[in-house]
$ cat entry09.cif   # mmCIF, C-alpha atoms
data_entry
#
loop_
_atom_site.label_atom_id
_atom_site.label_comp_id
_atom_site.auth_asym_id
_atom_site.auth_seq_id
_atom_site.Cartn_x
_atom_site.Cartn_y
_atom_site.Cartn_z
CA MET A 1 135.16 71.19 48.51
CA LYS A 2 135.70 67.43 48.71
CA ARG A 3 138.55 68.00 51.15
CA LEU A 4 136.38 70.28 53.24
CA ALA A 5 133.60 67.71 53.29
CA VAL A 6 136.08 65.04 54.44
CA CYS A 7 137.25 67.37 57.21
CA ILE A 8 133.73 68.12 58.34
CA ALA A 9 133.06 64.37 58.47
CA LEU A 10 136.28 63.79 60.44
CA PHE A 11 135.44 66.58 62.87
CA ALA A 12 131.93 65.21 63.34
CA GLY A 13 133.51 61.82 64.06
CA CYS A 14 135.84 63.35 66.67
CA ILE A 15 132.92 65.13 68.33
CA ALA A 16 130.90 61.91 68.32
CA LEU A 17 133.81 60.07 69.96
CA SER A 18 134.12 62.78 72.60
CA VAL A 19 130.40 62.60 73.37
CA PHE A 20 130.55 58.81 73.48
CA SER A 21 133.49 58.83 75.90
CA TYR A 22 131.72 61.38 78.11
CA PHE A 23 128.58 59.26 78.38
CA ARG A 24 130.62 56.09 78.88
CA MET A 25 132.48 57.70 81.76
CA GLU A 26 129.22 58.85 83.29
CA SER A 27 127.78 55.35 82.99
CA MET A 28 130.93 53.81 84.51
CA ARG A 29 130.89 56.23 87.42
CA GLU A 30 127.18 55.67 88.01
CA GLY A 31 127.57 51.87 87.90
CA VAL A 32 130.62 51.77 90.19
CA PHE A 33 129.21 54.23 92.70
CA THR A 34 125.85 52.43 92.94
CA ARG A 35 127.45 49.05 93.52
CA VAL A 36 130.08 50.34 95.94
CA ASP A 37 127.51 52.27 97.98
CA GLU A 38 125.24 49.21 98.15
CA MET A 39 128.13 47.05 99.37
CA LEU A 40 129.20 49.62 101.95
CA SER A 41 125.62 49.79 103.25
CA ALA A 42 125.50 45.98 103.34
CA ILE A 43 128.74 45.89 105.35
CA GLU A 44 127.34 48.39 107.88
CA ALA A 45 124.00 46.52 108.14
CA GLN A 46 123.37 44.27 111.12
CA PRO A 47 123.18 41.30 110.80
CA ARG A 48 125.57 41.07 107.82
CA ASP A 49 124.51 38.97 104.88
CA GLN A 50 127.80 37.30 103.94
CA ARG A 51 126.44 35.44 100.92
CA GLY A 52 124.79 38.59 99.69
CA LEU A 53 128.07 40.50 100.10
CA GLU A 54 129.97 37.82 98.21
CA ALA A 55 127.46 37.94 95.37
CA ARG A 56 127.65 41.74 95.21
CA ALA A 57 131.46 41.62 95.23
CA GLU A 58 131.43 39.13 92.33
CA GLU A 59 128.95 41.32 90.52
CA LEU A 60 131.06 44.46 91.02
CA ALA A 61 134.21 42.66 89.81
CA ALA A 62 132.35 41.37 86.72
CA PHE A 63 130.88 44.82 86.06
CA TRP A 64 134.30 46.42 86.24
CA GLU A 65 135.83 43.83 83.89
CA LYS A 66 133.15 44.64 81.31
CA GLU A 67 133.62 48.41 81.74
CA ARG A 68 137.40 48.04 81.54
CA ASP A 69 137.19 46.52 78.04
CA VAL A 70 135.62 49.75 76.77
CA MET A 71 137.64 52.09 79.04
CA THR A 72 140.98 50.82 77.64
CA HIS A 73 140.11 52.62 74.39
CA ILE A 74 139.56 55.92 76.19
CA VAL A 75 141.99 56.21 79.13
CA ARG A 76 145.51 55.08 79.97
CA ARG A 77 145.75 51.47 81.03
CA LYS A 78 147.62 52.07 84.29
CA ASN A 79 144.73 54.19 85.59
CA LEU A 80 142.42 51.24 85.06
CA ASP A 81 144.84 48.70 86.47
CA ALA A 82 144.64 50.28 89.91
CA ILE A 83 140.87 49.74 90.03
CA SER A 84 141.15 46.24 88.53
CA LEU A 85 143.65 45.27 91.24
CA SER A 86 141.22 46.30 93.98
CA ALA A 87 138.13 44.86 92.26
CA VAL A 88 139.68 41.41 91.93
CA LYS A 89 140.33 41.25 95.70
CA LEU A 90 136.73 41.96 96.72
CA PRO A 91 135.15 38.49 96.36
CA GLN A 92 137.93 36.90 98.44
CA LEU A 93 137.72 39.55 101.13
CA ALA A 94 133.94 39.08 101.34
CA ARG A 95 134.29 35.26 101.39
CA HIS A 96 136.77 35.34 104.29
CA GLY A 97 134.85 37.93 106.28
CA GLU A 98 137.54 40.66 106.10
CA TYR A 99 134.97 43.41 106.26
CA GLY A 100 137.38 46.15 107.32
CA LYS A 101 139.68 45.56 104.37
CA LEU A 102 136.67 45.09 102.11
CA ALA A 103 135.31 48.50 103.11
CA ALA A 104 138.76 50.05 102.60
CA GLU A 105 139.09 48.52 99.13
CA LEU A 106 135.59 49.69 98.22
CA SER A 107 136.37 53.26 99.32
CA GLY A 108 139.59 53.08 97.30
CA ILE A 109 137.68 51.92 94.21
CA ARG A 110 135.14 54.70 94.67
CA LYS A 111 137.89 57.31 94.91
CA LEU A 112 139.80 55.96 91.90
CA ALA A 113 136.63 55.84 89.79
CA GLU A 114 135.82 59.41 90.86
CA ASP A 115 139.33 60.60 89.92
CA LEU A 116 139.18 58.77 86.61
CA HIS A 117 135.83 60.35 85.83
CA SER A 118 136.76 63.89 86.90
CA GLY A 119 140.08 63.69 85.02
CA GLU A 120 138.27 63.02 81.75
CA MET A 121 135.63 65.72 82.11
CA MET A 122 135.56 68.76 79.84
CA SER A 123 136.53 71.47 82.31
CA LEU A 124 138.90 74.41 82.22
CA GLU A 125 140.90 72.84 85.02
CA ASN A 126 141.48 69.69 82.99
CA ILE A 127 142.22 71.58 79.79
CA MET A 128 144.84 73.74 81.53
CA MET B 1 156.06 43.61 69.98
CA GLY B 2 153.27 42.50 67.66
CA ILE B 3 151.03 45.14 69.20
CA LEU B 4 153.59 47.89 68.53
CA LEU B 5 153.96 46.65 64.96
CA ALA B 6 150.22 46.75 64.39
CA ARG B 7 149.88 50.20 66.01
CA THR B 8 152.72 51.54 63.89
CA ALA B 9 151.03 50.26 60.73
CA ILE B 10 147.71 51.88 61.73
CA LEU B 11 149.36 55.19 62.64
CA TYR B 12 151.37 55.17 59.44
CA ALA B 13 148.16 54.78 57.45
CA ILE B 14 146.54 57.60 59.44
CA ILE B 15 149.50 59.94 58.88
CA VAL B 16 149.54 59.23 55.14
CA PHE B 17 145.79 59.88 55.08
CA ALA B 18 146.29 63.08 57.10
CA LEU B 19 148.99 64.36 54.72
CA ARG B 20 146.77 63.57 51.75
CA VAL B 21 143.84 65.45 53.26
CA MET B 22 146.06 68.44 54.13
CA GLY B 23 147.21 68.53 50.54
CA LYS B 24 150.36 68.79 48.43
CA ARG B 25 151.41 71.99 50.17
CA GLN B 26 152.74 69.88 53.03
CA MET B 27 155.21 68.28 50.66
CA GLY B 28 156.53 71.55 49.31
CA GLU B 29 157.07 74.90 51.00
CA LEU B 30 155.53 75.08 54.43
CA GLN B 31 153.86 78.06 56.01
CA PRO B 32 154.58 78.47 59.75
CA SER B 33 151.27 76.89 60.81
CA GLU B 34 151.75 73.98 58.41
CA PHE B 35 155.26 73.40 59.73
CA VAL B 36 153.95 73.32 63.31
CA VAL B 37 151.14 70.93 62.38
CA THR B 38 153.54 68.56 60.61
CA ILE B 39 155.81 68.39 63.66
CA LEU B 40 152.86 67.95 66.03
CA VAL B 41 151.40 65.13 63.95
CA SER B 42 154.69 63.24 64.00
CA ASN B 43 155.12 63.72 67.76
CA LEU B 44 151.56 62.60 68.49
CA ALA B 45 152.04 59.47 66.43
CA THR B 46 155.29 58.68 68.26
CA LEU B 47 153.56 58.70 71.66
CA THR B 48 151.31 55.75 70.95
CA MET B 49 153.89 53.94 68.82
CA GLU B 50 156.27 53.86 71.77
CA ASP B 51 153.84 53.24 74.62
CA ALA B 52 151.23 50.49 74.33
CA ASP B 53 149.67 51.79 77.55
CA ILE B 54 148.21 54.77 75.73
CA PRO B 55 145.02 54.07 73.76
CA LEU B 56 145.37 54.46 69.98
CA LEU B 57 142.48 56.89 69.99
CA CYS B 58 144.59 59.27 72.11
CA SER B 59 146.81 59.81 69.06
CA MET B 60 144.25 59.39 66.31
CA VAL B 61 141.81 62.01 67.57
CA PRO B 62 144.40 64.81 68.02
CA ILE B 63 146.02 64.01 64.65
CA LEU B 64 142.70 64.11 62.82
CA ALA B 65 141.68 67.23 64.75
CA LEU B 66 144.92 68.97 63.67
CA VAL B 67 144.23 67.99 60.06
CA VAL B 68 140.73 69.42 60.29
CA TYR B 69 141.95 72.68 61.88
CA GLU B 70 144.68 73.01 59.25
CA VAL B 71 142.28 72.51 56.34
CA PHE B 72 139.76 74.95 57.86
CA THR B 73 142.54 77.52 58.39
CA SER B 74 143.68 77.12 54.76
CA TYR B 75 140.10 77.44 53.54
CA VAL B 76 139.44 80.60 55.55
CA SER B 77 142.84 82.02 54.45
CA LEU B 78 141.74 81.51 50.85
CA LYS B 79 138.53 83.46 51.43
CA SER B 80 139.92 86.25 53.62
CA ASN B 81 143.03 88.34 52.88
CA ARG B 82 143.08 89.72 56.40
CA PHE B 83 142.99 86.26 57.96
CA ARG B 84 145.71 85.09 55.59
CA LYS B 85 147.92 87.98 56.67
CA ILE B 86 147.34 87.15 60.34
CA ILE B 87 148.20 83.48 59.87
CA SER B 88 150.94 83.64 57.25
CA GLY B 89 152.19 87.20 57.50
CA ASN B 90 153.38 89.27 54.55
CA SER B 91 156.22 88.74 52.17
CA CYS B 92 158.91 91.43 52.55
CA VAL B 93 160.90 93.15 49.83
CA ILE B 94 164.44 93.08 51.14
CA ILE B 95 166.12 94.33 47.95
CA LYS B 96 164.31 96.84 45.77
CA ASP B 97 165.84 98.25 42.58
CA GLY B 98 169.16 96.86 43.75
CA VAL B 99 169.00 98.67 47.11
CA LEU B 100 169.23 96.58 50.27
CA ASP B 101 166.70 97.43 53.01
CA GLN B 102 168.93 97.24 56.07
CA ARG B 103 166.21 98.31 58.50
CA LEU B 104 164.08 95.40 57.36
CA MET B 105 167.01 93.02 57.70
CA ARG B 106 167.45 94.15 61.33
CA GLU B 107 163.73 93.67 61.98
CA LEU B 108 163.81 90.19 60.52
CA ARG B 109 167.07 89.39 62.34
CA TRP B 110 168.79 88.50 59.08
CA SER B 111 172.50 89.01 58.94
CA ILE B 112 174.28 89.73 55.66
CA ASP B 113 175.65 86.16 55.87
CA ASP B 114 172.10 84.81 55.98
CA LEU B 115 171.19 86.89 52.96
CA MET B 116 174.26 85.87 50.97
CA GLU B 117 173.63 82.23 51.81
CA GLN B 118 170.05 82.46 50.56
CA LEU B 119 171.22 84.25 47.41
CA ARG B 120 173.74 81.52 46.72
CA ILE B 121 171.02 78.89 47.20
CA CYS B 122 169.05 80.80 44.52
CA GLY B 123 172.11 80.61 42.25
CA VAL B 124 173.14 84.24 42.70
CA PHE B 125 176.75 84.82 43.69
CA ASP B 126 176.84 88.54 42.99
CA ILE B 127 174.38 90.67 44.97
CA GLY B 128 174.79 93.35 42.30
CA GLU B 129 172.88 91.11 39.87
CA VAL B 130 169.78 91.35 42.00
CA SER B 131 167.09 93.85 41.08
CA CYS B 132 164.54 92.65 43.57
CA ALA B 133 164.59 90.07 46.36
CA ILE B 134 161.56 89.07 48.38
CA ILE B 135 161.43 87.05 51.57
CA GLU B 136 158.32 84.92 51.23
CA THR B 137 156.02 84.01 54.10
CA SER B 138 157.60 80.58 54.19
CA GLY B 139 160.99 82.18 54.85
CA ARG B 140 162.39 81.44 51.41
CA LEU B 141 164.06 84.10 49.35
CA SER B 142 162.80 84.80 45.83
CA VAL B 143 165.16 86.67 43.54
CA TYR B 144 164.57 88.75 40.41
CA LYS B 145 167.71 89.65 38.55
CA TRP B 146 168.29 92.73 36.44
CA PRO B 147 166.96 91.88 32.99
CA PRO B 148 169.12 92.33 29.86
CA GLU B 149 169.24 96.01 28.81
CA GLU B 150 166.85 95.68 25.88
CA GLU B 151 164.11 94.31 28.14
CA CYS B 152 164.45 96.74 31.00
CA GLY B 153 161.30 96.65 33.04
CA SER B 154 160.59 96.34 36.75
CA PRO B 155 159.55 92.97 38.14
CA PRO B 156 155.85 92.34 37.66
CA VAL B 157 153.54 93.23 40.53
CA THR B 158 150.14 91.69 41.25
CA VAL B 159 147.62 94.45 40.68
CA ILE B 160 144.38 92.45 40.87
CA SER B 161 144.17 89.31 42.95
CA ASP B 162 141.04 87.20 43.07
CA GLY B 163 138.77 89.98 41.84
CA ALA B 164 140.07 92.78 44.06
CA TYR B 165 142.68 95.50 43.54
CA VAL B 166 145.78 95.00 45.69
CA PRO B 167 146.36 98.18 47.71
CA GLY B 168 149.52 100.04 46.73
CA ALA B 169 150.33 97.80 43.75
CA LEU B 170 149.53 100.35 41.05
CA ASP B 171 151.72 102.95 42.79
CA SER B 172 154.64 100.55 43.02
CA CYS B 173 154.62 99.84 39.28
CA GLY B 174 153.77 103.45 38.36
CA VAL B 175 150.67 102.68 36.30
CA LYS B 176 147.42 104.60 36.59
CA ARG B 177 144.18 102.92 37.52
CA GLU B 178 142.52 104.40 34.42
CA TRP B 179 144.90 102.44 32.21
CA VAL B 180 144.00 99.20 33.98
CA GLU B 181 140.29 99.97 33.71
CA SER B 182 140.61 100.69 29.99
CA LEU B 183 142.51 97.40 29.53
CA LEU B 184 139.74 95.52 31.30
CA GLU B 185 137.10 97.37 29.31
CA GLU B 186 138.88 96.35 26.12
CA LYS B 187 138.65 92.74 27.21
CA ARG B 188 135.07 93.21 28.41
CA LEU B 189 135.93 92.30 31.96
CA ALA B 190 135.14 93.80 35.33
CA PRO B 191 137.81 93.70 38.07
CA SER B 192 135.70 91.07 39.83
CA ASP B 193 136.07 88.78 36.79
CA VAL B 194 139.85 88.79 37.04
CA PHE B 195 141.64 86.01 38.87
CA ILE B 196 145.07 87.61 38.56
CA LEU B 197 146.51 90.62 36.75
CA THR B 198 150.23 91.40 36.97
CA LEU B 199 151.86 94.52 35.55
CA ASN B 200 155.26 96.06 35.37
CA ASN B 201 156.29 99.67 34.79
CA ARG B 202 156.38 99.11 31.02
CA LYS B 203 152.72 98.06 31.10
CA GLN B 204 153.63 94.49 30.29
CA TYR B 205 150.82 92.50 31.79
CA TYR B 206 149.61 88.99 32.47
CA LEU B 207 145.88 88.49 32.93
CA ALA B 208 143.93 85.38 33.91
CA GLU B 209 140.17 85.46 33.94
CA LYS B 210 138.24 83.97 36.82
CA THR B 211 136.74 80.95 35.06
CA LYS B 212 137.45 77.24 35.03
CA ALA B 213 137.94 77.02 31.29
CA ALA B 214 140.09 80.08 30.45
CA LYS B 215 143.49 80.12 32.15
CA GLY B 216 145.87 82.80 31.03
CA ARG B 217 143.60 84.91 28.90
CA GLY B 218 146.55 86.68 27.49
CA ARG B 219 149.95 88.23 27.89
CA GLY B 220 150.32 91.73 26.70
CA ARG B 221 153.06 94.16 26.01
#

$ encode --input "entry09.cif" --output "structure tokens"
Amino acid sequence: MKRLAVCIALFAGCIALSVFSYFRMESMREGVFTRVDEMLSAIEAQPRDQRGLEARAEELAAFWEKERDVMTHIVRRKNLDAISLSAVKLPQLARHGEYGKLAAELSGIRKLAEDLHSGEMMSLENIM
Amino acid sequence: MGILLARTAILYAIIVFALRVMGKRQMGELQPSEFVVTILVSNLATLTMEDADIPLLCSMVPILALVVYEVFTSYVSLKSNRFRKIISGNSCVIIKDGVLDQRLMRELRWSIDDLMEQLRICGVFDIGEVSCAIIETSGRLSVYKWPPEEECGSPPVTVISDGAYVPGALDSCGVKREWVESLLEEKRLAPSDVFILTLNNRKQYYLAEKTKAAKGRGRGR
């Protein structure tokens, strides 16, 4: 019975970890999408607020760094590295007015975050 | 390198813990599912030991999940005969009363060389010495030799297991159910009180009552 109790506790722990990673992914996706969409809207807006864009880019890069620290415990590092590489470029692109490249990098980040999220979801497609 | 060292230490501790939770059976004879789980656990641990890119949790969670599934399967097997048969299969009598069951050997894909090898591992070099040989669910061969003439009896058969009669057991040892019931009545036991009762054709029995205190209530001849 003791062994069974240990196993039930272990299983509950595994379920709790799965639930935690699901909600973390959701929160990451939500955070990245919101910030990326805001920046893309800011790029399209006329006149462009360069300082505002720079601040948002810094904020997105900082947000991603924080998320990455938790994500490294859940997903493979190379999947995160691709987003990190793009995120770190954003403040410089905004500072130097490279809005085309900035928009491209933002779309790339959005897509990578979406793929990361959908790859970790509990679906038959992912299980198979 | 330090990271790999630390990960190896953590995974080693987890594997030792996993083997302890799964129980001593992992150290001895393995059932097919236990064998598979043991191999899977070692492969899962290897993944994160070799590749620091993969989070430690990606090994820990599957290993612990396998341990949990294995313990649950063992627990359910203990409670349900039918489930146990599905998971572990049945042991097969390949030699009965000195006669080799060739049809069964073909079904099991055992050649005579395989059989002779297993007999030699059991310390039997002459197949004629064997009265009964059983292939257990783990794949091992158990051998019962012909007893000395003065003790001639068939190998004991489990008649009651965990409170229930084993179908076909009484027929195989040629003892009537009434005799078993009278034996139990004599000992003031119901079949449901019996943990194990073995019998041979000479009515030599071993009985263990289903309590914590009394183990091996008695041997009888």

$ closest_residue --input "entry09.cif" --among "B:Ala52, B:Ala6, B:Leu108, B:Val37" --to "chain A" --atoms "only C-alpha atoms"
B:Ala52

$ closest_residue --input "entry09.cif" --among "A:Ala113, A:Ile43, A:Val36, A:Leu80" --to "chain B" --atoms "all atoms listed in the file"
A:Leu80

$ atom_distance --input "entry09.cif" --atom1 "CA of Glu186 in chain B" --atom2 "CA of Lys203 in chain B"
14.8 Å

$ interface_residues --input "entry09.cif" --of "chain B" --to "chain A" --cutoff "9 Å" --atoms "all atoms listed in the file" --output "list of chain:residue names"
B:Val21, B:Met22, B:Gly23, B:Ala52, B:Asp53, B:Ile54, B:Pro55, B:Leu56, B:Leu57, B:Cys58, B:Val61, B:Pro62, B:Leu64, B:Ala65, B:Val67, B:Val68, B:Tyr69, B:Val71, B:Phe72, B:Tyr75

$ resolve_selection --input "entry09.cif" --expression "the PyMOL selection byres ((chain B and resi 87) around 12)" --output "list of chain:residue names"
B:Gln31, B:Pro32, B:Ser33, B:Glu34, B:Glu70, B:Thr73, B:Ser74, B:Tyr75, B:Val76, B:Ser77, B:Leu78, B:Ser80, B:Asn81, B:Arg82, B:Phe83, B:Arg84, B:Lys85, B:Ile86, B:Ser88, B:Gly89, B:Asn90, B:Thr137, B:Ser138

$ resolve_selection --input "entry09.cif" --expression "the PyMOL selection byres ((chain B and resi 14) around 12)" --output "PyMOL selection string"
chain B and resi 7-13+15-21+41-42+44-45+56-57+59-64+67

$ resolve_selection --input "entry09.cif" --expression "the PyMOL selection byres ((chain B and resi 174) around 12)" --output "list in words"
Gly153, Ser154, Pro155, Pro156, Val157, Val159, Gly168, Ala169, Leu170, Asp171, Ser172, Cys173, Val175, Lys176, Arg177, Glu178, Trp179, Val180, Leu199, Asn200, Asn201, Arg202 and Lys203 of chain B

$ build_atoms --input "entry09.cif" --residues "range 80-108 of chain B" --atoms "N, CA and C atoms" --output "mmCIF file, in the frame of the given file"
data_model
loop_
_atom_site.group_PDB
_atom_site.id
_atom_site.type_symbol
_atom_site.label_atom_id
_atom_site.label_comp_id
_atom_site.auth_asym_id
_atom_site.auth_seq_id
_atom_site.Cartn_x
_atom_site.Cartn_y
_atom_site.Cartn_z
ATOM 1 N N SER B 80 139.714 84.968 52.929
ATOM 2 C CA SER B 80 139.920 86.250 53.620
ATOM 3 C C SER B 80 141.379 86.658 53.595
ATOM 4 N N ASN B 81 141.652 87.808 52.937
ATOM 5 C CA ASN B 81 143.030 88.340 52.880
ATOM 6 C C ASN B 81 143.555 88.665 54.273
ATOM 7 N N ARG B 82 142.654 89.274 55.062
ATOM 8 C CA ARG B 82 143.080 89.720 56.400
ATOM 9 C C ARG B 82 143.489 88.509 57.243
ATOM 10 N N PHE B 83 142.679 87.463 57.183
ATOM 11 C CA PHE B 83 142.990 86.260 57.960
ATOM 12 C C PHE B 83 144.299 85.646 57.483
ATOM 13 N N ARG B 84 144.472 85.649 56.154
ATOM 14 C CA ARG B 84 145.710 85.090 55.590
ATOM 15 C C ARG B 84 146.925 85.848 56.102
ATOM 16 N N LYS B 85 146.800 87.173 56.174
ATOM 17 C CA LYS B 85 147.920 87.980 56.670
ATOM 18 C C LYS B 85 148.212 87.692 58.143
ATOM 19 N N ILE B 86 147.144 87.455 58.914
ATOM 20 C CA ILE B 86 147.340 87.150 60.340
ATOM 21 C C ILE B 86 148.072 85.822 60.496
ATOM 22 N N ILE B 87 147.635 84.830 59.714
ATOM 23 C CA ILE B 87 148.200 83.480 59.870
ATOM 24 C C ILE B 87 149.590 83.377 59.238
ATOM 25 N N SER B 88 149.697 83.868 58.006
ATOM 26 C CA SER B 88 150.940 83.640 57.250
ATOM 27 C C SER B 88 151.873 84.840 57.219
ATOM 28 N N GLY B 89 151.353 85.993 57.572
ATOM 29 C CA GLY B 89 152.190 87.200 57.500
ATOM 30 C C GLY B 89 152.280 87.715 56.071
ATOM 31 N N ASN B 90 153.180 88.669 55.872
ATOM 32 C CA ASN B 90 153.380 89.270 54.550
ATOM 33 C C ASN B 90 154.757 88.946 54.045
ATOM 34 N N SER B 91 154.863 88.868 52.726
ATOM 35 C CA SER B 91 156.220 88.740 52.170
ATOM 36 C C SER B 91 156.862 90.130 52.243
ATOM 37 N N CYS B 92 158.188 90.150 52.353
ATOM 38 C CA CYS B 92 158.910 91.430 52.550
ATOM 39 C C CYS B 92 159.906 91.625 51.415
ATOM 40 N N VAL B 93 159.939 92.832 50.893
ATOM 41 C CA VAL B 93 160.900 93.150 49.830
ATOM 42 C C VAL B 93 162.194 93.594 50.482
ATOM 43 N N ILE B 94 163.206 92.768 50.434
ATOM 44 C CA ILE B 94 164.440 93.080 51.140
ATOM 45 C C ILE B 94 165.451 93.794 50.227
ATOM 46 N N ILE B 95 165.317 93.561 48.903
ATOM 47 C CA ILE B 95 166.120 94.330 47.950
ATOM 48 C C ILE B 95 165.152 94.888 46.914
ATOM 49 N N LYS B 96 165.185 96.215 46.764
ATOM 50 C CA LYS B 96 164.310 96.840 45.770
ATOM 51 C C LYS B 96 165.147 97.739 44.887
ATOM 52 N N ASP B 97 165.035 97.506 43.573
ATOM 53 C CA ASP B 97 165.840 98.250 42.580
ATOM 54 C C ASP B 97 167.314 98.205 42.953
ATOM 55 N N GLY B 98 167.750 97.054 43.434
ATOM 56 C CA GLY B 98 169.160 96.860 43.750
ATOM 57 C C GLY B 98 169.590 97.420 45.095
ATOM 58 N N VAL B 99 168.647 98.057 45.819
ATOM 59 C CA VAL B 99 169.000 98.670 47.110
ATOM 60 C C VAL B 99 168.545 97.766 48.259
ATOM 61 N N LEU B 100 169.494 97.476 49.141
ATOM 62 C CA LEU B 100 169.230 96.580 50.270
ATOM 63 C C LEU B 100 168.517 97.354 51.396
ATOM 64 N N ASP B 101 167.430 96.779 51.907
ATOM 65 C CA ASP B 101 166.700 97.430 53.010
ATOM 66 C C ASP B 101 167.283 96.935 54.334
ATOM 67 N N GLN B 102 168.217 97.697 54.863
ATOM 68 C CA GLN B 102 168.930 97.240 56.070
ATOM 69 C C GLN B 102 168.047 97.265 57.308
ATOM 70 N N ARG B 103 167.119 98.219 57.342
ATOM 71 C CA ARG B 103 166.210 98.310 58.500
ATOM 72 C C ARG B 103 165.358 97.048 58.580
ATOM 73 N N LEU B 104 164.904 96.611 57.406
ATOM 74 C CA LEU B 104 164.080 95.400 57.360
ATOM 75 C C LEU B 104 164.891 94.175 57.761
ATOM 76 N N MET B 105 166.146 94.154 57.331
ATOM 77 C CA MET B 105 167.010 93.020 57.700
ATOM 78 C C MET B 105 167.172 92.956 59.217
ATOM 79 N N ARG B 106 167.306 94.130 59.845
ATOM 80 C CA ARG B 106 167.450 94.150 61.330
ATOM 81 C C ARG B 106 166.159 93.658 61.977
ATOM 82 N N GLU B 107 165.027 94.096 61.422
ATOM 83 C CA GLU B 107 163.730 93.670 61.980
ATOM 84 C C GLU B 107 163.533 92.166 61.875
ATOM 85 N N LEU B 108 163.987 91.623 60.747
ATOM 86 C CA LEU B 108 163.810 90.190 60.520
ATOM 87 C C LEU B 108 164.943 89.364 61.147
#
